[in-house]
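J.: Take a look at this one; I'll ask things after.
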Amino acid sequence: MSTVTNTIFSPELAARFDHLVTIYPVKRSALVPMLLYAQDEIGYVSDAAVSEIAVRIGINDLEVRNVLSYYSMLRTKPAGKYNVQVCTNISCMLRGGYGILDHCKKTLGIGHKETTADGTFSLEEVECIGACCWAPAMQVNYDFHDGLTPEKVDVVLQQYRDGQGKDVK
Amino acid sequence: MPTLVSHPDEVKIVSRRFGQGAADIEKYIELDGYKAVQLAISQGAEMSNWIINTMKASGLRGRGGAGFPTGMKWSFVPKVSEKPKYVLVNGDESEPGTCKDHVIFLHDPHSVIEGTMIAGLAIGSKLGFIYLRGEYRYLLKQVEKAVADAYAKGFLGKNIFGSGIDFDIITQTGAGAYEVGEESALMESLEGKRGVPRIKPPFPAVVGLYGGPTVINNAETIANAPHILLMGGEAYAKLGTERNGGTRLFGISGHVERPGVYELPMGYSLRKAIYEVAGGIKDGKKLKAVVPGGSSCPVLTADEIDVGLDFDQMGKAGTMLGSGGIVVLDETVSIVEFAMRVISFYQHESCGWCIPCREGTDWIKKTLTRVYNGGGSKKDVDNVQYLAENMMGRTFCPLGDAAAMPTLGFVKKFRKEFEDYIEGHKAGTPLITVEQLVGAGH
Amino acid sequence: MADVTLIVDGKQITAPAGTLLIEACKSAGIEIPAFCYYPGLSLQAACRMCVVRIEKQPKLATACTTTIAEGMVVQTETPEIAQARKATLQLLLGNHPLDCPVCDAGGECELQDMTFKYGAAESFYAEPKNHREEQKWSPVVYFDRPRCILCYRCVRMCGEGMDVFALGIQNRGSSAVIAPNVPAQLSPDDLAHVDCEQCGMCIDACPVGALTSGTYRYKTRPWEMNHVATVCTHCGDGCKTTLGVRSTSDGSEIVRGDNRDKSGINNDFLCNKGRYAFDFANHEDRITQPLVRQANGELKPVSWEIALDHVGKKLRELRDTRGGKSIGVIGGNRLTNEEAYLLQKFARTVLHTNNIDHHRTADYVAFAQSLAGHGERTASLHDTLKAPAVLIVGGDPTVQSPATAWNLRTNVRLNRAKLYIANAAEIKLRRQAKAFLQLAPFGYNALAAYLAGDEAAALSATSDTAALSSFRDAVKAEENLLILIGSELRGAELKKLIDFGLTIPGAKFALLSDYVNSRGAADMGLLPDMLPGYTPVGATSPMATEYAGPNALGLDMLEMFDSADRGNLSALYVVGANPVARYSIDPATLKNTFVVVQEMFLTETAALADVVLPAANLYEKAGSVTNSYGDLQQVSKAGDRAGVRTDFEMIVRVADKIGANMQSLVPFGKGLRADMGQTRGVQSGEADRHAVWLTANNMEPRLSPFDSFAILDEIQRLVPGYNILRLQLLSGNDQHLSPAATPLVQISNRRDLVVPANDTLFTSGTLGRYSTMLCDLQQNEILRASNLTQIQTAAD
Ligand SMILES: Cc1cc2nc3c(=O)[nH]c(=O)nc-3n(C[C@H](O)[C@H](O)[C@H](O)COP(=O)(O)O)c2cc1C
Ligand code: SF4
Ligand code: FES
């Protein structure tokens, strides 16, 4: 049972949140992870999620928004089911990162921070994701794909389309 | 999945267990895992001093970028404190060109756990945090599992290894912010706040996480601790150069034949690292420049690479060892384009707290983007230099410097290329192929 | 703390250890520029304007975060530093709209001043600036994002200073922005708003024109106004407010209220009423001509001469035919001390009645009597900022006396003062309290009894008796405790609490009331049973010897209306009060009474009057007022309205028309009063004591009966405790007075008749209804509340 009645989250996540606020020396330490996990479940951080998390932590909504808007992985609008994040930072750029981004734009038919009509994919150009030595690289949701070529991107995207892609959460 | 590389010149200490399945706790134990922490505990009353002295003797300097001597850092923590003390592992790895902690968390997560315990024993802390950047979710799961396994074995929790000491570890995730890698910003983030750095002094060793004395170290630094205790501080120190003990992980990326993360002794030649270890410049092209330690380090030109890879030699060469991310640029790269991409990263990642960094990165980015898009004038190069010079040393935290230093390096060492570019003589093959450049994340 | 010596710009300076360099320099006359630094709020080091060169430090250091150290050598204005500041300004101006000509802050802008000083005017960016539309966050707070320099002063002011936390910082880097707590997407009008106390402190703190005031925006330029420092008319704290005044065709109009020089009793603070609610003065419903009721029942404008004649003649006739005892006088809580004093003197000596009262909002009679002989135990508002421990019983300072609440929060934050609160409601200040005791709904009297030693009262005070006893123990263990008492405690119970407090070493007391001069009204004897200074009517006292008033106690407020109801009140003279609304008087009650009302508006009371005399308000007159604490301050004339007169002038004129001896009412001029007191002796009752006193105090007689200083002189001479220091008063400083009641008098069973105003942050008695801004803010609150319920229902 969640400590919050009428939780908007799944019972599992609510239980996880109940636990999360107890493990730190101060409750508020759970804030950033909670926002991220809430987003993983809902697809974005909704106003309702903001309010419930504020209650769980014991701070006001504004404080949650202050924090939420700081972190670039957190979003307040839905993205596609699979969020394709292409790194174009220096190491990737040197090995064709922009080509990969262009390729994604073309094959998915969407631009930066846009979502395909069917809601399957969204695309984002991101900063360095820590895969520099295996560049160019991208993440689909939390899964890494490196040593990319346009052909490899097609294979990866097809896997997701087919529901075969790894969805790390 | 990151591929592992290898080269005969490597000296494998922290990477010793890579590729051997050491993420599994049984395998880790088999490969001398959790021996160092037990050795420390067996020192009895002398444990704390012994750990700190061994670390000092090892000459280990922080692998997060600044290269602060680790043993000394640990010794700054007051022995007695009213508030609890903490160990904080910085796994926020976000400096462009850097992916070494990635490999540690992937191949040897228990070494980070054991290192955290050792740091805890050294300073008298009962709680450690391992903070990973939000993008490293799959690694976080791996680390969470490792922590759970260690608890299951009774290695973590109450009375660790019969020492009478309790030690706990909490794993934590970020959510996308380079600035959170800065130690005090990381503490803010861990306290559930915006990742804005804190005023220093007081320094973390005195007032850190939750106001308690805190040791914060890079994941690689921490992962080295068990190895150092087992092999002895002096033996570790001898692997490197004077005042730069041991080995470190170098991520060599960009235009090389065999990019990868290699463990090389401190002081190893940069030229050899590029031409021998990483197999030389890709496709037989010529070297143009090297960013030697992550994107914030001033660039070295092709004829400046005869320098040893340690903190002091790199400093003398006018750049930095930084986070060990060596990014190699071949002759086809346009420095204007490259500089623009570097500054747009810092512009995107500035936390916005102080004026020089927030506005400075923004104006340099805007100016260089315009230059890149073909609308530059000669005065722009002066303006960029003026802006960078006026950011240097004037910002609240080192991110401003991290943006200003490479910018100054580019415009000073490649001024002619900027001027030629502005006049329409564009060198290099464009890397940025998107039509209208906005920059990541915008 | 020990002193530290350092060298700044070659000059040796000394300051207490622990002082910030920026403050140490300031006290030595060296001004270091700073945008983000704000004294008393948390440190930021974000603007980097305060950079200085400290010897042996590798980088420029921020003076706002550096604590001084012995032997430190500092440079504050070298070319290197000037360049750093100039570069910072250039960066700021890069995105700044440079709309100074239309900006409210133009002429009062720290960014403008700095740019002027460091010459960072040239712009070398080719890129367009980030433009954003201005946002209306509330009726009084507007935000112009492009002008914002992100100093975070507003955020800290709102959170740390006000404990409201309505402002935050969102996004990061160059997209970082100050954001209010009601985001656009949760707002019915799709615009962002603030849900807050609307104090406007964020506007005050803003160094530029990013936050502007709804009442002042685009009205005028700072240099086109005269700035008059006076006292806010709204609550019992009596904050200094500076009114910006502009000439108009029919007088001078107040266009702005703010806390310009922060030199007042309120230090940094001003609440929304002090800042915005001056606009009643400009309200279109103002009465600007005397009105006299005609035979047909209508109120008709007449000339002053006709109106005053009528009033004078009528009052004289009624006094002479039906006796002074048939006349009632009601004064207001926003009159100056001089007016209140004059009014009761007029009533007692000219109308020959003690039927005098005012709307009492706290029992100052019992307060004064309980503290008789303990003059040093009365607290000043300043004490709320310094006392090491504070007990608050009753009241809700956050809404009733916001400056008190501000001081208490500041005291807790900066000095770790210990706050003990006993209240039946969960008042907001409990968030700063060390201990909060939740009382039973009417548990105040029981609490007083319990504190006084009656253990049996515990259960009536609160259900949590364990908390009660530890609360008492904690309070008892304090020293130099400041005890703030709300209007809930009166009479004998108030005395019990004070008696308990008197057992605590160094304890001081204050009784909180509403309106700017409730305390003054009581001190000045607008009471049926007390002459000024709590001198009982009928008792022998130096004051009584000078008053030829009746000896019998007068009727109090309710008795007067009862009397009117019975047809026994021949006349009622009301000055700046609205008793008909306040006490829900049936209009028919007054049908046989000749009613004269001095008012600004046709209030419920004025509407029943036979004569309405158009009155000036507190912002349109000079004099003095005394706040709840007994701090006396000078009121200065800011606004002016053709057609209206001050209550002081009107009383004098009415008295004249009645045929009173003007010189004994208002001691002015030499003439008959030139007797120096030597011939007949001061005890004879005939001697001109006033002239003697003036001479003894090296003062000249006043020349005009309209000079309120003449009455101030008499107040000082006659009212116990009103030992006014003229220099303090005239230089705009406050001074603490402790009127000492005669210890002889016991608290009788007199009715206290206290009716709290129950004002909120957005109301101010009858007057508040005529403030458009307060009405807007109330409307704003209602909208917000209904909206919240909507959102909550939607979420269920
Ligand atoms: C802007 C900025 C970003 C940083 N990012 C990281 C990082 O991602 N990982 C890291 O270990 N250290 C980072 N650092 C360095 C840390 O502040 C700190 O020095 C380090 O964690 C200390 O560990 P070490 O002594 O083991 O190097 C960063 C510093 C700055 C100024
Ligand atoms: S930050 Fe600003 S105000 Fe502040 S003083 Fe310092 S730097 Fe300053
Ligand atoms: S630069 Fe692309 S992953 Fe590092």
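Identifiers in this document derive from the order of the structure tokens: chains are assigned A, B, ..., residues are numbered from 1 separately in each chain, and ligands are numbered from 1 in order of occurrence.
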At a cut-off of 7 Å, using only C-alpha atoms, what residues contact region 56-70 of chain A? Leave out same-chain residues fewer than 5 positions from it and give the result as a PyMOL selection string.
T.: (chain A and resi 27-28+50-51) or (chain B and resi 193-194) or (chain C and resi 168-172+181)
J.: Could you list, as a short mmCIF file (atom, residue, chain, number, x, y, z; two decimals) with C-alpha atoms, in the first residue's frame, every residue of chain C that has an atom within 12 Å of an atom of chain A, counting only C-alpha atoms?
T.:
```cif
data_model
loop_
_atom_site.label_atom_id
_atom_site.label_comp_id
_atom_site.auth_asym_id
_atom_site.auth_seq_id
_atom_site.Cartn_x
_atom_site.Cartn_y
_atom_site.Cartn_z
CA VAL C 155 13.61 34.65 -4.92
CA GLY C 159 11.43 32.65 0.42
CA VAL C 164 6.21 32.57 1.08
CA PHE C 165 8.33 30.87 -1.60
CA ALA C 166 6.23 32.06 -4.51
CA LEU C 167 9.22 32.61 -6.77
CA GLY C 168 11.65 30.08 -8.13
CA ILE C 169 14.40 29.69 -10.70
CA GLN C 170 13.61 27.52 -13.66
CA ASN C 171 15.51 26.14 -16.62
CA ARG C 172 19.23 26.58 -16.69
CA GLY C 173 22.02 28.45 -18.38
CA SER C 174 20.95 31.33 -20.55
CA SER C 175 17.38 30.02 -20.45
CA ALA C 176 17.26 30.36 -16.66
CA VAL C 177 14.34 32.46 -15.59
CA ILE C 178 12.56 33.59 -12.48
CA ALA C 179 9.25 31.76 -12.34
CA PRO C 180 6.18 32.28 -10.19
CA ASN C 181 4.41 29.49 -8.36
CA VAL C 182 1.31 29.27 -10.52
CA PRO C 183 2.49 28.08 -13.91
CA ALA C 184 0.63 29.10 -17.03
CA GLN C 185 -0.70 25.63 -17.73
CA LEU C 186 -2.44 25.49 -14.38
CA ALA C 192 1.62 32.51 -15.03
CA HIS C 193 0.75 34.10 -11.70
CA VAL C 194 1.97 34.45 -8.15
CA ASP C 195 -0.02 33.02 -5.30
CA ILE C 791 -8.19 21.98 -9.88
CA GLN C 792 -8.61 19.83 -6.81
CA ALA C 794 -10.59 17.83 -11.33
CA ALA C 795 -7.76 15.80 -9.88
CA ASP C 796 -10.02 13.62 -7.75
#
```
J.: Find the residue from A:Tyr82, A:Gly96, A:Glu127, A:Val32 that sits nearest to Val156 (chain A); use only C-alpha atoms when measuring.
T.: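 Once distances to Val156 (chain A) are computed over only C-alpha atoms, the minimum belongs to A:Tyr82.
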J.: Should the cut-off be 7 Å, what would the residue list for chain B against chain A look like, counting only C-alpha atoms, as a PDB file with N, CA and C atoms, in the first residue's frame?
T.:
```pdb
ATOM      1  N   MET B   1      27.310  -2.191 -27.182  1.00  0.00           N
ATOM      2  CA  MET B   1      28.103  -2.447 -25.975  1.00  0.00           C
ATOM      3  C   MET B   1      29.562  -2.071 -26.224  1.00  0.00           C
ATOM      4  N   PRO B   2      30.161  -1.294 -25.350  1.00  0.00           N
ATOM      5  CA  PRO B   2      31.549  -0.874 -25.566  1.00  0.00           C
ATOM      6  C   PRO B   2      32.465  -2.074 -25.782  1.00  0.00           C
ATOM      7  N   GLU B  93      30.432  11.326 -14.942  1.00  0.00           N
ATOM      8  CA  GLU B  93      31.160  11.357 -16.222  1.00  0.00           C
ATOM      9  C   GLU B  93      30.420  12.007 -17.397  1.00  0.00           C
ATOM     10  N   SER B  94      30.682  13.273 -17.622  1.00  0.00           N
ATOM     11  CA  SER B  94      29.996  13.958 -18.719  1.00  0.00           C
ATOM     12  C   SER B  94      30.904  14.819 -19.577  1.00  0.00           C
ATOM     13  N   PRO B  96      32.904  15.845 -22.435  1.00  0.00           N
ATOM     14  CA  PRO B  96      33.016  15.259 -23.769  1.00  0.00           C
ATOM     15  C   PRO B  96      34.411  14.682 -24.024  1.00  0.00           C
ATOM     16  N   GLY B  97      34.421  13.468 -24.562  1.00  0.00           N
ATOM     17  CA  GLY B  97      35.675  12.772 -24.801  1.00  0.00           C
ATOM     18  C   GLY B  97      35.989  11.769 -23.713  1.00  0.00           C
ATOM     19  N   THR B  98      35.133  11.690 -22.707  1.00  0.00           N
ATOM     20  CA  THR B  98      35.445  10.851 -21.545  1.00  0.00           C
ATOM     21  C   THR B  98      34.438   9.714 -21.401  1.00  0.00           C
ATOM     22  N   CYS B  99      34.927   8.468 -21.325  1.00  0.00           N
ATOM     23  CA  CYS B  99      34.014   7.344 -21.174  1.00  0.00           C
ATOM     24  C   CYS B  99      34.670   6.229 -20.381  1.00  0.00           C
ATOM     25  N   HIS B 102      32.537   4.686 -17.418  1.00  0.00           N
ATOM     26  CA  HIS B 102      31.575   3.805 -18.087  1.00  0.00           C
ATOM     27  C   HIS B 102      32.085   2.358 -18.062  1.00  0.00           C
ATOM     28  N   GLU B 135      22.006   9.109 -17.710  1.00  0.00           N
ATOM     29  CA  GLU B 135      22.066   8.366 -18.974  1.00  0.00           C
ATOM     30  C   GLU B 135      22.609   6.954 -18.769  1.00  0.00           C
ATOM     31  N   ARG B 137      21.742   4.436 -17.135  1.00  0.00           N
ATOM     32  CA  ARG B 137      20.766   3.620 -16.413  1.00  0.00           C
ATOM     33  C   ARG B 137      21.170   2.143 -16.393  1.00  0.00           C
ATOM     34  N   TYR B 138      21.668   1.657 -17.544  1.00  0.00           N
ATOM     35  CA  TYR B 138      21.974   0.218 -17.560  1.00  0.00           C
ATOM     36  C   TYR B 138      23.143  -0.097 -16.649  1.00  0.00           C
ATOM     37  N   THR B 173      20.910   8.290  -9.034  1.00  0.00           N
ATOM     38  CA  THR B 173      20.991   8.659 -10.451  1.00  0.00           C
ATOM     39  C   THR B 173      20.787  10.152 -10.651  1.00  0.00           C
ATOM     40  N   GLY B 174      21.506  10.712 -11.576  1.00  0.00           N
ATOM     41  CA  GLY B 174      21.278  12.091 -12.001  1.00  0.00           C
ATOM     42  C   GLY B 174      20.185  12.094 -13.062  1.00  0.00           C
ATOM     43  N   ALA B 175      20.011  13.248 -13.723  1.00  0.00           N
ATOM     44  CA  ALA B 175      18.965  13.293 -14.748  1.00  0.00           C
ATOM     45  C   ALA B 175      19.366  14.207 -15.906  1.00  0.00           C
ATOM     46  N   GLY B 176      20.671  14.245 -16.181  1.00  0.00           N
ATOM     47  CA  GLY B 176      21.100  15.013 -17.340  1.00  0.00           C
ATOM     48  C   GLY B 176      21.554  16.407 -17.001  1.00  0.00           C
ATOM     49  N   ALA B 177      22.804  16.552 -16.595  1.00  0.00           N
ATOM     50  CA  ALA B 177      23.374  17.869 -16.313  1.00  0.00           C
ATOM     51  C   ALA B 177      24.868  17.705 -16.105  1.00  0.00           C
ATOM     52  N   LEU B 190      22.252  15.647  -5.202  1.00  0.00           N
ATOM     53  CA  LEU B 190      21.968  14.508  -4.329  1.00  0.00           C
ATOM     54  C   LEU B 190      21.033  14.919  -3.195  1.00  0.00           C
ATOM     55  N   GLU B 191      21.007  16.189  -2.887  1.00  0.00           N
ATOM     56  CA  GLU B 191      20.071  16.663  -1.873  1.00  0.00           C
ATOM     57  C   GLU B 191      18.733  17.063  -2.495  1.00  0.00           C
ATOM     58  N   GLY B 192      18.564  16.752  -3.765  1.00  0.00           N
ATOM     59  CA  GLY B 192      17.271  16.995  -4.406  1.00  0.00           C
ATOM     60  C   GLY B 192      17.089  18.415  -4.888  1.00  0.00           C
ATOM     61  N   LYS B 193      18.206  19.082  -5.204  1.00  0.00           N
ATOM     62  CA  LYS B 193      18.081  20.467  -5.627  1.00  0.00           C
ATOM     63  C   LYS B 193      18.606  20.660  -7.045  1.00  0.00           C
ATOM     64  N   ARG B 194      18.511  21.889  -7.504  1.00  0.00           N
ATOM     65  CA  ARG B 194      19.092  22.220  -8.788  1.00  0.00           C
ATOM     66  C   ARG B 194      20.600  22.042  -8.697  1.00  0.00           C
ATOM     67  N   GLY B 251      40.918   7.493 -22.490  1.00  0.00           N
ATOM     68  CA  GLY B 251      39.976   7.184 -23.558  1.00  0.00           C
ATOM     69  C   GLY B 251      40.454   7.897 -24.801  1.00  0.00           C
ATOM     70  N   ILE B 252      40.880   7.141 -25.779  1.00  0.00           N
ATOM     71  CA  ILE B 252      41.377   7.790 -26.994  1.00  0.00           C
ATOM     72  C   ILE B 252      40.272   7.684 -28.050  1.00  0.00           C
ATOM     73  N   SER B 253      39.833   8.838 -28.514  1.00  0.00           N
ATOM     74  CA  SER B 253      38.700   8.831 -29.445  1.00  0.00           C
ATOM     75  C   SER B 253      38.953   9.792 -30.593  1.00  0.00           C
ATOM     76  N   GLY B 254      38.040   9.848 -31.504  1.00  0.00           N
ATOM     77  CA  GLY B 254      38.180  10.710 -32.670  1.00  0.00           C
ATOM     78  C   GLY B 254      38.881   9.981 -33.797  1.00  0.00           C
ATOM     79  N   HIS B 255      39.733  10.723 -34.506  1.00  0.00           N
ATOM     80  CA  HIS B 255      40.334  10.182 -35.730  1.00  0.00           C
ATOM     81  C   HIS B 255      41.541   9.302 -35.456  1.00  0.00           C
ATOM     82  N   PRO B 259      40.276   3.415 -31.588  1.00  0.00           N
ATOM     83  CA  PRO B 259      39.829   4.155 -30.418  1.00  0.00           C
ATOM     84  C   PRO B 259      39.501   3.183 -29.293  1.00  0.00           C
ATOM     85  N   GLY B 260      39.580   3.648 -28.069  1.00  0.00           N
ATOM     86  CA  GLY B 260      39.248   2.780 -26.944  1.00  0.00           C
ATOM     87  C   GLY B 260      39.786   3.325 -25.642  1.00  0.00           C
ATOM     88  N   VAL B 261      39.475   2.592 -24.576  1.00  0.00           N
ATOM     89  CA  VAL B 261      39.953   2.993 -23.256  1.00  0.00           C
ATOM     90  C   VAL B 261      41.165   2.128 -22.913  1.00  0.00           C
ATOM     91  N   VAL B 327      41.133  13.411 -27.504  1.00  0.00           N
ATOM     92  CA  VAL B 327      40.335  13.477 -28.722  1.00  0.00           C
ATOM     93  C   VAL B 327      41.244  13.931 -29.866  1.00  0.00           C
ATOM     94  N   ARG B 341      31.344  23.739 -31.852  1.00  0.00           N
ATOM     95  CA  ARG B 341      30.653  22.620 -31.217  1.00  0.00           C
ATOM     96  C   ARG B 341      31.025  22.513 -29.732  1.00  0.00           C
ATOM     97  N   VAL B 342      32.291  22.800 -29.441  1.00  0.00           N
ATOM     98  CA  VAL B 342      32.723  22.737 -28.042  1.00  0.00           C
ATOM     99  C   VAL B 342      31.987  23.795 -27.215  1.00  0.00           C
ATOM    100  N   PHE B 345      28.393  23.167 -26.389  1.00  0.00           N
ATOM    101  CA  PHE B 345      28.218  22.237 -25.267  1.00  0.00           C
ATOM    102  C   PHE B 345      28.218  23.008 -23.942  1.00  0.00           C
ATOM    103  N   LEU B 431      31.817  18.742 -40.870  1.00  0.00           N
ATOM    104  CA  LEU B 431      31.338  17.602 -40.097  1.00  0.00           C
ATOM    105  C   LEU B 431      29.867  17.777 -39.740  1.00  0.00           C
ATOM    106  N   ILE B 432      29.521  19.034 -39.622  1.00  0.00           N
ATOM    107  CA  ILE B 432      28.130  19.312 -39.277  1.00  0.00           C
ATOM    108  C   ILE B 432      27.350  19.402 -40.564  1.00  0.00           C
ATOM    109  N   THR B 433      26.434  18.457 -40.735  1.00  0.00           N
ATOM    110  CA  THR B 433      25.745  18.383 -42.021  1.00  0.00           C
ATOM    111  C   THR B 433      24.309  18.860 -41.923  1.00  0.00           C
ATOM    112  N   VAL B 434      23.841  19.074 -40.704  1.00  0.00           N
ATOM    113  CA  VAL B 434      22.458  19.554 -40.586  1.00  0.00           C
ATOM    114  C   VAL B 434      22.373  20.953 -41.164  1.00  0.00           C
ATOM    115  N   ALA B 440      22.790  21.026 -29.695  1.00  0.00           N
ATOM    116  CA  ALA B 440      22.086  19.949 -29.006  1.00  0.00           C
ATOM    117  C   ALA B 440      21.213  20.492 -27.897  1.00  0.00           C
ATOM    118  N   GLY B 441      20.110  19.826 -27.741  1.00  0.00           N
ATOM    119  CA  GLY B 441      19.281  20.091 -26.570  1.00  0.00           C
ATOM    120  C   GLY B 441      18.412  21.325 -26.658  1.00  0.00           C
TER     121      GLY B 441
END
```
J.: Please, what distance in Å, to one decimal, runs between CA of Pro579 (chain C) and CA of Glu714 (chain C)?
T.: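 Between CA of Pro579 (chain C) and CA of Glu714 (chain C) the gap works out to 28.8 Å.
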J.: Could you tell me which of B:Cys354, B:Leu132, B:Val80, B:Ala317 comes closest to chain C if we count only C-alpha atoms?
T.: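 Closest candidate: B:Cys354.
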J.: Near region 205-214 of chain B, counting only C-alpha atoms, which residues have an atom at most 6 Å away, once you skip same-chain residues fewer than 5 positions from it, shown as a list in words?
T.: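 The filter keeps Val77, Lys83, Pro84, Lys85, Tyr86, Val87 and Met187 of chain B.
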J.: Please find the residues of chain B near chain C - the criterion being any atom within 7 Å, counting only C-alpha atoms - and write them as a list of chain:residue names.
T.: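 Going by the stated atoms only, the list reads B:Gln347, B:His348, B:Glu349, B:Ser350, B:Cys351, B:Gly352, B:Trp353, B:Cys354, B:Ile355, B:Pro356, B:Arg358, B:Glu359, B:Gly360, B:Asp362, B:Asn390, B:Gly393, B:Arg394, B:Phe396.
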J.: In Å to one decimal, how far is CA of Leu730 (chain C) from CA of Asn267 (chain C)?
T.: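 Distance between the two atoms: 18.3 Å.
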J.: Report the residues of region 21-168 of chain A whose backbone DSSP state falls under strand (DSSP E), written as JSON, numbers by chain.
T.: {"A": [82, 83, 84, 85, 86, 87, 114, 115, 121, 122, 123, 124, 125, 126, 138, 139, 140, 143, 144, 145]}
J.: Quick one: everything within 12 Å of Ala122 (chain B), counting only C-alpha atoms, minus sequence neighbours fewer than 4 positions away in the same chain. Send it as a VMD selection string.
T.: chain B and resid 37 40 to 41 43 to 56 70 to 79 85 to 87 115 to 118 126 165 214 to 215 225 229
J.: By how many Å are CA of Ser27 (chain C) and CA of Tyr118 (chain C) apart?
T.: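 Distance between the two atoms: 22.8 Å.
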J.: When the cut-off is 8 Å and you count only C-alpha atoms and all ligand atoms, which residues lie near ligand 1, shown as number ranges by chain?
T.: B: 61-70, 73, 89-95, 178-184, 216-222, 323, 397-400, 402
J.: Would you pick out the contacts of Lys379 (chain B) at 12 Å or less, using only C-alpha atoms, so that residues sharing its chain but fewer than 3 positions from it are not included, and give the list as an MDAnalysis selection string?
T.: (chainID B and resid 367:368 371 375:376 382:386 415 418:419 422) or (chainID C and resid 124:126)
J.: Residues at most 12 Å from Asn697 (chain C), counting only C-alpha atoms, excluding those fewer than 3 positions away in the same chain, as an MDAnalysis selection string?
T.: chainID C and resid 690:694 700:701 713 716:717 723:726
J.: Among region 19-160 of chain A, which residues carry a DSSP assignment of helix (DSSP H, G or I), reported as number ranges by chain?
T.: A: 19-23, 27-42, 47-57, 61-68, 90-94, 97-108, 132-134, 150-160
